[in-house]
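**Student:** Below you'll find my_file.cif; it's mmCIF, C-alpha atoms and all ligand atoms.
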data_coords
#
loop_
_atom_site.group_PDB
_atom_site.id
_atom_site.type_symbol
_atom_site.label_atom_id
_atom_site.label_comp_id
_atom_site.auth_asym_id
_atom_site.auth_seq_id
_atom_site.Cartn_x
_atom_site.Cartn_y
_atom_site.Cartn_z
ATOM 1 C CA MET A 122 -3.491 -35.086 6.440
ATOM 2 C CA ILE A 123 -6.267 -32.584 5.639
ATOM 3 C CA ARG A 124 -5.106 -30.449 2.710
ATOM 4 C CA VAL A 125 -6.500 -27.155 1.432
ATOM 5 C CA ASN A 126 -7.594 -27.660 -2.164
ATOM 6 C CA LYS A 127 -8.625 -24.255 -3.451
ATOM 7 C CA ILE A 128 -7.671 -20.624 -3.030
ATOM 8 C CA ALA A 129 -10.839 -18.720 -2.180
ATOM 9 C CA HIS A 130 -9.785 -15.087 -1.807
ATOM 10 C CA ALA A 131 -6.946 -12.648 -1.337
ATOM 11 C CA THR A 132 -7.271 -9.647 0.969
ATOM 12 C CA TYR A 133 -5.343 -6.418 0.436
ATOM 13 C CA GLU A 134 -4.778 -3.256 2.368
ATOM 14 C CA THR A 135 -4.826 -0.253 0.085
ATOM 15 C CA PRO A 136 -4.567 3.495 0.746
ATOM 16 C CA ASP A 137 -7.064 4.554 -1.937
ATOM 17 C CA LEU A 138 -10.018 2.246 -1.548
ATOM 18 C CA ASP A 139 -12.204 3.975 -4.155
ATOM 19 C CA LYS A 140 -9.594 3.992 -6.904
ATOM 20 C CA GLN A 141 -8.659 0.360 -6.316
ATOM 21 C CA THR A 142 -12.351 -0.636 -6.251
ATOM 22 C CA GLU A 143 -12.886 1.137 -9.570
ATOM 23 C CA TYR A 144 -9.938 -0.789 -11.061
ATOM 24 C CA TYR A 145 -11.315 -4.158 -9.946
ATOM 25 C CA THR A 146 -14.852 -3.422 -11.141
ATOM 26 C CA GLU A 147 -14.401 -1.272 -14.277
ATOM 27 C CA ILE A 148 -11.113 -2.724 -15.579
ATOM 28 C CA LEU A 149 -10.856 -6.311 -14.292
ATOM 29 C CA GLY A 150 -14.648 -6.757 -14.373
ATOM 30 C CA LEU A 151 -15.164 -8.261 -10.924
ATOM 31 C CA THR A 152 -18.544 -7.819 -9.238
ATOM 32 C CA LEU A 153 -18.835 -5.489 -6.269
ATOM 33 C CA VAL A 154 -20.913 -7.629 -3.925
ATOM 34 C CA SER A 155 -20.805 -5.621 -0.742
ATOM 35 C CA LYS A 156 -19.253 -2.483 0.599
ATOM 36 C CA GLU A 157 -18.770 -1.355 4.148
ATOM 37 C CA LYS A 158 -17.042 1.822 5.300
ATOM 38 C CA ASP A 159 -13.502 0.472 5.024
ATOM 39 C CA ILE A 160 -14.007 -2.927 3.331
ATOM 40 C CA VAL A 161 -15.035 -3.891 -0.190
ATOM 41 C CA TYR A 162 -15.882 -7.463 -1.283
ATOM 42 C CA LEU A 163 -15.365 -8.329 -4.960
ATOM 43 C CA ALA A 164 -16.429 -11.540 -6.682
ATOM 44 C CA SER A 165 -15.555 -13.324 -9.893
ATOM 45 C CA THR A 166 -17.100 -16.782 -9.599
ATOM 46 C CA VAL A 167 -19.308 -18.917 -7.349
ATOM 47 C CA ASP A 168 -17.584 -17.479 -4.276
ATOM 48 C CA HIS A 169 -19.083 -14.485 -2.502
ATOM 49 C CA HIS A 170 -15.685 -12.785 -2.732
ATOM 50 C CA SER A 171 -12.395 -13.495 -4.494
ATOM 51 C CA VAL A 172 -10.785 -10.174 -3.578
ATOM 52 C CA VAL A 173 -11.253 -8.140 -0.405
ATOM 53 C CA LEU A 174 -9.990 -4.567 -0.152
ATOM 54 C CA ARG A 175 -9.430 -2.947 3.242
ATOM 55 C CA ARG A 176 -8.468 0.653 3.764
ATOM 56 C CA GLY A 177 -4.884 0.756 5.068
ATOM 57 C CA GLY A 178 -1.637 2.671 4.973
ATOM 58 C CA ASN A 179 0.328 0.477 2.568
ATOM 59 C CA ALA A 180 -0.693 -1.459 -0.506
ATOM 60 C CA GLN A 181 -0.050 -5.065 0.499
ATOM 61 C CA CYS A 182 -1.580 -8.540 0.521
ATOM 62 C CA VAL A 183 -2.433 -9.306 4.146
ATOM 63 C CA ARG A 184 -4.598 -12.435 4.060
ATOM 64 C CA LEU A 185 -5.287 -15.464 1.888
ATOM 65 C CA GLY A 186 -8.420 -17.608 2.113
ATOM 66 C CA PHE A 187 -8.240 -21.340 1.391
ATOM 67 C CA GLN A 188 -10.958 -23.990 1.339
ATOM 68 C CA ILE A 189 -10.780 -27.534 2.639
ATOM 69 C CA PRO A 190 -13.032 -30.269 1.147
ATOM 70 C CA PRO A 191 -16.692 -30.422 2.217
ATOM 71 C CA ASP A 192 -16.213 -33.757 4.014
ATOM 72 C CA ALA A 193 -13.142 -32.575 5.974
ATOM 73 C CA ASP A 194 -13.434 -31.571 9.631
ATOM 74 C CA LEU A 195 -12.302 -27.995 10.346
ATOM 75 C CA SER A 196 -11.613 -28.848 14.021
ATOM 76 C CA GLU A 197 -9.352 -31.710 12.899
ATOM 77 C CA PHE A 198 -7.573 -29.325 10.547
ATOM 78 C CA GLU A 199 -7.046 -26.861 13.410
ATOM 79 C CA LYS A 200 -5.603 -29.686 15.578
ATOM 80 C CA GLN A 201 -3.291 -30.690 12.743
ATOM 81 C CA VAL A 202 -1.953 -27.114 12.472
ATOM 82 C CA ALA A 203 -1.637 -26.658 16.244
ATOM 83 C CA ALA A 204 0.257 -29.974 16.511
ATOM 84 C CA LEU A 205 3.009 -28.353 14.432
ATOM 85 C CA GLY A 206 3.413 -25.667 17.113
ATOM 86 C CA ILE A 207 1.497 -22.982 15.201
ATOM 87 C CA LYS A 208 -0.834 -20.681 17.109
ATOM 88 C CA THR A 209 -4.336 -20.773 15.636
ATOM 89 C CA GLN A 210 -7.526 -18.805 16.197
ATOM 90 C CA ARG A 211 -11.116 -19.850 15.523
ATOM 91 C CA LYS A 212 -13.664 -17.246 14.432
ATOM 92 C CA LYS A 213 -17.389 -17.518 13.784
ATOM 93 C CA ASP A 214 -18.947 -15.498 10.924
ATOM 94 C CA PRO A 215 -15.782 -13.503 10.205
ATOM 95 C CA GLU A 216 -16.843 -12.518 6.679
ATOM 96 C CA PRO A 217 -20.041 -12.719 4.615
ATOM 97 C CA THR A 218 -20.900 -16.370 3.703
ATOM 98 C CA ILE A 219 -18.019 -17.781 5.798
ATOM 99 C CA SER A 220 -19.451 -19.156 9.019
ATOM 100 C CA ASP A 221 -16.409 -20.745 10.637
ATOM 101 C CA VAL A 222 -12.719 -20.137 10.011
ATOM 102 C CA VAL A 223 -9.324 -21.188 11.380
ATOM 103 C CA THR A 224 -6.697 -18.463 11.093
ATOM 104 C CA PHE A 225 -2.944 -18.462 11.629
ATOM 105 C CA ALA A 226 0.054 -16.626 10.224
ATOM 106 C CA ASP A 227 2.459 -17.962 7.626
ATOM 107 C CA PRO A 228 6.201 -17.371 8.238
ATOM 108 C CA LYS A 229 6.193 -14.031 6.383
ATOM 109 C CA GLY A 230 3.212 -12.699 8.363
ATOM 110 C CA THR A 231 0.350 -13.231 5.886
ATOM 111 C CA THR A 232 -2.811 -14.439 7.636
ATOM 112 C CA MET A 233 -4.150 -17.782 6.430
ATOM 113 C CA GLU A 234 -7.966 -18.113 6.593
ATOM 114 C CA VAL A 235 -9.008 -21.750 6.187
ATOM 115 C CA PHE A 236 -12.676 -22.712 5.983
ATOM 116 C CA LYS A 237 -15.301 -24.928 4.360
ATOM 117 C CA ARG A 238 -17.508 -23.311 1.702
ATOM 118 C CA ASP A 239 -21.082 -23.960 2.781
ATOM 119 C CA SER A 240 -22.863 -21.390 0.661
ATOM 120 C CA PHE A 241 -22.410 -20.242 -2.910
ATOM 121 C CA SER A 242 -23.156 -16.955 -4.589
ATOM 122 C CA HIS A 243 -24.892 -16.309 -7.874
ATOM 123 C CA GLN A 244 -23.239 -13.278 -9.410
ATOM 124 C CA ARG A 245 -24.384 -12.429 -12.898
ATOM 125 C CA PHE A 246 -21.793 -12.454 -15.652
ATOM 126 C CA GLN A 247 -20.384 -8.950 -15.988
ATOM 127 C CA SER A 248 -20.520 -7.265 -19.373
ATOM 128 C CA LYS A 249 -17.757 -4.720 -18.764
ATOM 129 C CA GLY A 250 -14.085 -5.128 -17.970
ATOM 130 C CA VAL A 251 -11.831 -8.158 -18.416
ATOM 131 C CA VAL A 252 -14.102 -10.586 -16.454
ATOM 132 C CA PRO A 253 -11.637 -13.381 -15.580
ATOM 133 C CA PHE A 254 -12.673 -16.969 -14.879
ATOM 134 C CA LYS A 255 -11.190 -16.915 -11.404
ATOM 135 C CA LEU A 256 -8.474 -15.873 -8.981
ATOM 136 C CA GLY A 257 -5.642 -18.218 -9.975
ATOM 137 C CA HIS A 258 -2.559 -17.642 -7.851
ATOM 138 C CA VAL A 259 -0.728 -15.207 -5.608
ATOM 139 C CA ALA A 260 3.056 -14.828 -5.742
ATOM 140 C CA PHE A 261 5.304 -13.396 -3.036
ATOM 141 C CA HIS A 262 8.858 -12.203 -2.626
ATOM 142 C CA VAL A 263 10.335 -13.980 0.415
ATOM 143 C CA THR A 264 13.566 -13.911 2.386
ATOM 144 C CA ASP A 265 13.711 -17.694 2.934
ATOM 145 C CA VAL A 266 12.065 -19.633 0.107
ATOM 146 C CA LYS A 267 12.860 -23.103 1.498
ATOM 147 C CA HIS A 268 11.300 -22.281 4.863
ATOM 148 C CA VAL A 269 8.106 -20.735 3.443
ATOM 149 C CA THR A 270 7.746 -23.514 0.835
ATOM 150 C CA LYS A 271 8.034 -26.150 3.584
ATOM 151 C CA PHE A 272 5.380 -24.318 5.616
ATOM 152 C CA TYR A 273 2.844 -24.351 2.740
ATOM 153 C CA CYS A 274 3.533 -28.057 2.120
ATOM 154 C CA ASP A 275 3.628 -29.260 5.742
ATOM 155 C CA VAL A 276 0.880 -27.079 7.215
ATOM 156 C CA LEU A 277 -1.563 -26.543 4.338
ATOM 157 C CA GLY A 278 -0.826 -29.634 2.244
ATOM 158 C CA PHE A 279 0.550 -27.966 -0.894
ATOM 159 C CA ARG A 280 2.737 -29.973 -3.323
ATOM 160 C CA GLU A 281 5.835 -28.726 -5.132
ATOM 161 C CA SER A 282 5.123 -28.443 -8.869
ATOM 162 C CA ASP A 283 8.408 -26.941 -10.023
ATOM 163 C CA TRP A 284 11.427 -24.982 -8.863
ATOM 164 C CA MET A 285 13.596 -22.537 -10.746
ATOM 165 C CA ALA A 286 17.077 -23.406 -9.447
ATOM 166 C CA ASP A 287 16.933 -23.048 -5.635
ATOM 167 C CA PHE A 288 15.266 -19.622 -5.388
ATOM 168 C CA PHE A 289 11.768 -19.829 -6.962
ATOM 169 C CA SER A 290 9.128 -22.422 -5.978
ATOM 170 C CA PHE A 291 5.737 -23.109 -7.607
ATOM 171 C CA LEU A 292 3.216 -24.860 -5.354
ATOM 172 C CA ARG A 293 -0.152 -26.434 -6.129
ATOM 173 C CA CYS A 294 -3.152 -27.315 -3.987
ATOM 174 C CA GLY A 295 -5.356 -28.599 -6.839
ATOM 175 C CA PRO A 296 -5.007 -29.338 -10.556
ATOM 176 C CA ASP A 297 -3.573 -25.888 -11.390
ATOM 177 C CA HIS A 298 0.238 -25.957 -11.742
ATOM 178 C CA HIS A 299 0.596 -23.263 -9.081
ATOM 179 C CA THR A 300 -1.644 -21.464 -6.630
ATOM 180 C CA ILE A 301 1.222 -20.022 -4.567
ATOM 181 C CA ASN A 302 4.673 -19.147 -5.873
ATOM 182 C CA LEU A 303 7.585 -17.848 -3.873
ATOM 183 C CA VAL A 304 10.724 -16.116 -5.082
ATOM 184 C CA GLU A 305 13.666 -15.452 -2.768
ATOM 185 C CA THR A 306 14.759 -11.834 -3.253
ATOM 186 C CA GLY A 307 15.674 -10.531 0.208
ATOM 187 C CA SER A 308 12.301 -9.101 1.315
ATOM 188 C CA ASN A 309 8.861 -10.386 2.265
ATOM 189 C CA ARG A 310 6.159 -8.763 0.149
ATOM 190 C CA HIS A 311 3.527 -9.290 -2.534
ATOM 191 C CA PHE A 312 4.886 -10.044 -6.018
ATOM 192 C CA HIS A 313 1.746 -10.462 -8.155
ATOM 193 C CA THR A 314 -1.823 -11.718 -8.142
ATOM 194 C CA ALA A 315 -2.997 -13.691 -11.169
ATOM 195 C CA PHE A 316 -6.433 -14.114 -12.728
ATOM 196 C CA GLU A 317 -7.289 -16.793 -15.251
ATOM 197 C CA LEU A 318 -8.694 -15.814 -18.658
ATOM 198 C CA ARG A 319 -10.468 -18.038 -21.189
ATOM 199 C CA ASP A 320 -7.965 -18.086 -24.027
ATOM 200 C CA TRP A 321 -5.579 -16.091 -26.182
ATOM 201 C CA GLY A 322 -8.458 -14.070 -27.702
ATOM 202 C CA HIS A 323 -9.614 -13.046 -24.241
ATOM 203 C CA MET A 324 -6.052 -11.967 -23.420
ATOM 204 C CA HIS A 325 -5.916 -9.913 -26.650
ATOM 205 C CA ASP A 326 -9.125 -8.078 -25.704
ATOM 206 C CA ALA A 327 -7.851 -7.597 -22.129
ATOM 207 C CA CYS A 328 -4.612 -5.980 -23.388
ATOM 208 C CA ASP A 329 -6.606 -3.570 -25.601
ATOM 209 C CA LEU A 330 -8.912 -2.715 -22.703
ATOM 210 C CA LEU A 331 -5.933 -2.087 -20.404
ATOM 211 C CA SER A 332 -4.288 0.093 -23.031
ATOM 212 C CA LEU A 333 -7.455 2.137 -23.661
ATOM 213 C CA ASN A 334 -7.593 2.843 -19.936
ATOM 214 C CA GLY A 335 -3.947 3.830 -19.569
ATOM 215 C CA TYR A 336 -2.558 0.581 -18.112
ATOM 216 C CA LYS A 337 0.713 -0.410 -19.785
ATOM 217 C CA LEU A 338 2.074 -3.938 -19.759
ATOM 218 C CA LEU A 339 5.150 -4.561 -17.606
ATOM 219 C CA TRP A 340 5.949 -7.869 -19.319
ATOM 220 C CA GLY A 341 4.319 -10.058 -21.935
ATOM 221 C CA PRO A 342 2.502 -11.363 -23.721
ATOM 222 C CA GLY A 343 4.692 -14.440 -23.524
ATOM 223 C CA ARG A 344 4.609 -18.098 -22.554
ATOM 224 C CA HIS A 345 6.250 -19.114 -19.297
ATOM 225 C CA GLY A 346 8.423 -22.239 -19.379
ATOM 226 C CA ILE A 347 7.489 -23.152 -15.815
ATOM 227 C CA GLY A 348 3.704 -23.723 -15.844
ATOM 228 C CA HIS A 349 3.565 -23.053 -19.612
ATOM 229 C CA ASN A 350 0.869 -20.393 -19.187
ATOM 230 C CA LEU A 351 0.428 -17.463 -21.544
ATOM 231 C CA PHE A 352 0.972 -14.337 -19.454
ATOM 232 C CA THR A 353 0.812 -10.558 -19.278
ATOM 233 C CA TYR A 354 1.643 -8.390 -16.259
ATOM 234 C CA HIS A 355 0.621 -4.821 -15.397
ATOM 235 C CA ARG A 356 0.360 -2.680 -12.263
ATOM 236 C CA GLY A 357 -2.946 -1.617 -10.717
ATOM 237 C CA PRO A 358 -3.509 1.898 -9.315
ATOM 238 C CA ASN A 359 -1.998 0.911 -5.938
ATOM 239 C CA ASP A 360 1.169 -0.280 -7.730
ATOM 240 C CA LEU A 361 0.659 -3.976 -6.969
ATOM 241 C CA ILE A 362 1.155 -6.234 -9.996
ATOM 242 C CA THR A 363 -1.696 -8.154 -11.648
ATOM 243 C CA GLU A 364 -1.041 -11.064 -14.006
ATOM 244 C CA LEU A 365 -3.614 -12.209 -16.563
ATOM 245 C CA PHE A 366 -2.963 -15.759 -17.764
ATOM 246 C CA THR A 367 -4.420 -18.677 -19.671
ATOM 247 C CA GLU A 368 -3.411 -22.245 -20.660
ATOM 248 C CA LEU A 369 -1.727 -23.046 -17.319
ATOM 249 C CA ASP A 370 -0.428 -26.621 -16.941
ATOM 250 C CA GLN A 371 -2.908 -28.964 -15.235
ATOM 251 C CA MET A 372 -1.650 -31.773 -12.984
ATOM 252 C CA ASN A 373 -3.053 -35.290 -13.171
ATOM 253 C CA GLU A 374 -2.201 -36.294 -9.580
ATOM 254 C CA GLU A 375 -2.812 -40.021 -10.143
ATOM 255 C CA LEU A 376 -0.436 -40.166 -13.089
ATOM 256 C CA GLY A 377 2.106 -37.775 -11.571
ATOM 257 C CA TYR A 378 2.563 -35.567 -14.618
ATOM 258 C CA PHE A 379 0.979 -32.512 -16.175
ATOM 259 C CA GLU A 380 -1.616 -33.011 -18.916
ATOM 260 C CA PRO A 381 0.330 -33.234 -22.189
ATOM 261 C CA ARG A 382 0.577 -30.045 -24.231
ATOM 262 C CA PRO A 383 2.136 -29.756 -27.678
ATOM 263 C CA TRP A 384 4.656 -27.239 -26.367
ATOM 264 C CA HIS A 385 6.052 -29.359 -23.509
ATOM 265 C CA ARG A 386 9.723 -30.189 -24.092
ATOM 266 C CA ASP A 387 9.602 -33.026 -21.547
ATOM 267 C CA VAL A 388 7.557 -36.148 -22.320
ATOM 268 C CA PRO A 389 5.856 -36.446 -19.926
ATOM 269 C CA GLN A 390 6.155 -33.113 -18.074
ATOM 270 C CA ARG A 391 6.741 -34.008 -14.413
ATOM 271 C CA PRO A 392 7.516 -31.699 -11.491
ATOM 272 C CA LYS A 393 11.224 -30.834 -11.627
ATOM 273 C CA VAL A 394 13.925 -28.276 -10.932
ATOM 274 C CA TRP A 395 14.400 -25.990 -13.940
ATOM 275 C CA ALA A 396 17.760 -24.402 -14.623
ATOM 276 C CA LYS A 397 17.955 -20.629 -14.191
ATOM 277 C CA ASP A 398 17.600 -20.030 -17.889
ATOM 278 C CA PRO A 399 15.561 -17.462 -19.882
ATOM 279 C CA SER A 400 13.384 -20.227 -21.349
ATOM 280 C CA ALA A 401 12.166 -21.180 -17.864
ATOM 281 C CA ALA A 402 10.780 -17.640 -17.613
ATOM 282 C CA ASN A 403 9.629 -17.071 -21.196
ATOM 283 C CA LEU A 404 9.772 -19.669 -23.953
ATOM 284 C CA TRP A 405 9.150 -16.841 -26.450
ATOM 285 C CA GLY A 406 12.385 -15.195 -25.367
ATOM 286 C CA ILE A 407 11.596 -11.688 -24.130
ATOM 287 C CA MET A 408 12.805 -11.029 -20.582
ATOM 288 C CA PRO A 409 11.172 -8.583 -18.129
ATOM 289 C CA GLY A 410 12.665 -5.189 -17.372
ATOM 290 C CA ASP A 411 13.825 -4.162 -13.913
ATOM 291 C CA ASP A 412 10.307 -2.755 -13.220
ATOM 292 C CA MET A 413 8.999 -6.313 -12.754
ATOM 293 C CA MET A 414 10.905 -6.905 -9.536
ATOM 294 C CA LYS A 415 10.406 -3.449 -7.970
HETATM 295 FE FE FE B 501 2.187 -15.767 -11.962
#
Just give me the structure as structure tokens.
**Tutor:**
Amino acid sequence: MIRVNKIAHATYETPDLDKQTEYYTEILGLTLVSKEKDIVYLASTVDHHSVVLRRGGNAQCVRLGFQIPPDADLSEFEKQVAALGIKTQRKKDPEPTISDVVTFADPKGTTMEVFKRDSFSHQRFQSKGVVPFKLGHVAFHVTDVKHVTKFYCDVLGFRESDWMADFFSFLRCGPDHHTINLVETGSNRHFHTAFELRDWGHMHDACDLLSLNGYKLLWGPGRHGIGHNLFTYHRGPNDLITELFTELDQMNEELGYFEPRPWHRDVPQRPKVWAKDPSAANLWGIMPGDDMMK
């Protein structure tokens, strides 16, 4: 099976393109790499874009970009997806620096854009804003978590890292504990988008910067049980939630367990089903308010 092994970008529709662009550049510290009338491309790493903003009626995540390995065959990947009865499309030069892409919809209607990265960008390190390492994961509310989880595993090659009871799955496509997570809540919509920071000190500076600019934390700082990452959550101007995290569990696929950390309760920490317990959400004890799930 050809598996995707990296999230490349997330694409959002947003009613106020200028305000959301200002948030990503001035606050989060991404690089504005190109701007068309109704589309903005924003970068954080070696990729030309990690976030794409498109002018639209509702603030929502509409597409996710994933890479397959350089030695994989995109036509073979398309055949593999089509063999599962999924309708695919092939597009040439759909976005800057992406020459060839296979697209199809996931069960909740988000467009998957799968491609091979054949050119890299050279953004300079930004000196303003949070400046995360990378886009880490995107989380969604879903109506049928088992069905959507199975889709990401069977079609895109994700692996299950952890579950909270039977309603919250955490899926990986590389060493990171999760790149997609899915919580069953009765609707299909974006939950949060997470960017990786360097360390606790970086998170401290990010919280001060958010505060100075009027962005209040929804939840955190804390340490998740599942994934063990340090986290904070806040809402951007379009009301979608951004997570800033660091110290996420890293999987050693050959050994079948996450790299040991001093705070793991399990020795070793293997993928498992966690009980629905506050410590699965926050080992430090503070639970989110109702605002988190709005
Ligand atoms: Fe998260």
**Student:** Which residues fall under the PyMOL selection byres (((chain A and resi 320) around 9) and not hetatm) in this file, as a ChimeraX atom specification?
**Tutor:** /A:317-319,321-325,351,366-368
**Student:** Can you list, as a PyMOL selection string, every protein, DNA or RNA residue that comes within 12 Å of A:Lys271 when you count only C-alpha atoms, leaving out same-chain residues fewer than 4 positions away?
**Tutor:** chain A and resi 227-228+265-267+275-281+290-292+303
**Student:** Using only C-alpha atoms and all ligand atoms, which residues have at least one atom no more than 8 Å from ligand FE 501 (chain B)? Output them as a VMD selection string.
**Tutor:** chain A and resid 258 to 260 302 313 to 315 352 364 366
**Student:** Which of these, A:Leu369, A:Ala226, A:Leu138, A:Val263, has the shortest distance to A:Pro381 once you count only C-alpha atoms?
**Tutor:** A:Leu369
**Student:** Can you list what the PyMOL selection byres (((chain A and resi 186-192) around 12) and not hetatm) grabs from this structure, as a VMD selection string?
**Tutor:** chain A and resid 122 to 133 168 170 to 173 182 to 185 193 to 199 215 to 216 219 221 to 226 231 to 240 256 258 to 259 273 277 to 279 294 to 295 300 to 301
**Student:** Can you work out the spacing between atom CA of A:Trp395 and atom CA of A:Met285 in Å, to one decimal?
**Tutor:**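 Pair atom CA of A:Trp395 / atom CA of A:Met285 returns 4.8 Å.
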**Student:** What is the atom CA of A:Gly341 to atom CA of A:Met408 distance in Å?
**Tutor:** 8.6 Å
**Student:** So what do you get for atom CA of A:Gln390 versus atom CA of A:Glu374, distance-wise?
**Tutor:** 12.3 Å
**Student:** With all atoms listed in the file as the counted atoms, please give the residues lying no more than 10 Å from A:Leu338, apart from itself and same-chain residues fewer than 5 positions off, as a PyMOL selection string.
**Tutor:** chain A and resi 328+331-332+353-356+363-364
**Student:** Out of A:Glu157, A:Asp287, A:Asp360, A:Asp214, which residue has the shortest atom-to-atom distance to A:Tyr336 when counting all atoms listed in the file?
**Tutor:** A:Asp360
**Student:** Pick out the residues sitting within 6 Å of stretch 175-181 of chain A, and hand them over as a PDB file with C-alpha atoms, in the frame of the given file; count all atoms listed in the file, and ignore anything fewer than 3 positions along from it in its own chain.
**Tutor:**
ATOM      1  CA  TYR A 133      -5.343  -6.418   0.436  1.00  0.00           C
ATOM      2  CA  GLU A 134      -4.778  -3.256   2.368  1.00  0.00           C
ATOM      3  CA  THR A 135      -4.826  -0.253   0.085  1.00  0.00           C
ATOM      4  CA  PRO A 136      -4.567   3.495   0.746  1.00  0.00           C
ATOM      5  CA  LEU A 138     -10.018   2.246  -1.548  1.00  0.00           C
ATOM      6  CA  ASP A 159     -13.502   0.472   5.024  1.00  0.00           C
ATOM      7  CA  ILE A 160     -14.007  -2.927   3.331  1.00  0.00           C
TER       8      ILE A 160
END
**Student:** With all atoms listed in the file as the atoms that count, which of A:Thr152, A:Arg293, A:Gly346, A:His243 lies nearest to A:Lys397?
**Tutor:** A:Gly346
**Student:** Env of A:Pro296: 7 Å cut, atoms = all atoms listed in the file, seq-sep filter 5 positions within chain, self excluded. Answer as an MDAnalysis selection string.
**Tutor:** chainID A and resid 371:373
**Student:** Which residue is closest to A:Lys255? Choose from A:Ser400, A:Thr306, A:Ser165, A:Asn359 and count only C-alpha atoms.
**Tutor:**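 Of A:Ser400, A:Thr306, A:Ser165, A:Asn359, the one nearest A:Lys255 is A:Ser165, counting only C-alpha atoms.
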**Student:** Which one is closest to A:Phe288: A:Leu330, A:Ala396, A:Gln244, A:Leu339? Count only C-alpha atoms.
**Tutor:** A:Ala396
**Student:** Which residue, A:Ile148, A:Ala286, A:Leu365, A:Val252, has the smallest gap to A:Ala402 when you use only C-alpha atoms?
**Tutor:**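 Using only C-alpha atoms, the shortest distance to A:Ala402 belongs to A:Ala286.
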**Student:** List the spatial neighbours of A:Leu153 as a ChimeraX atom specification - criterion: any atom at most 12 Å away, all atoms listed in the file, same-chain residues fewer than 6 positions off excluded.
**Tutor:** /A:139,141-147,160-166,169-174,244-245,247
**Student:** Around all the atoms of stretch 167-178 of chain A listed in the file, draw an axis-aligned box and extend it by 3 Å on each of the six sides; I want its centre and edge lengths in Å to one decimal, as AutoDock Vina command-line options.
**Tutor:**
--center_x -10.5 --center_y -8.1 --center_z -1.1 --size_x 23.7 --size_y 27.6 --size_z 18.4
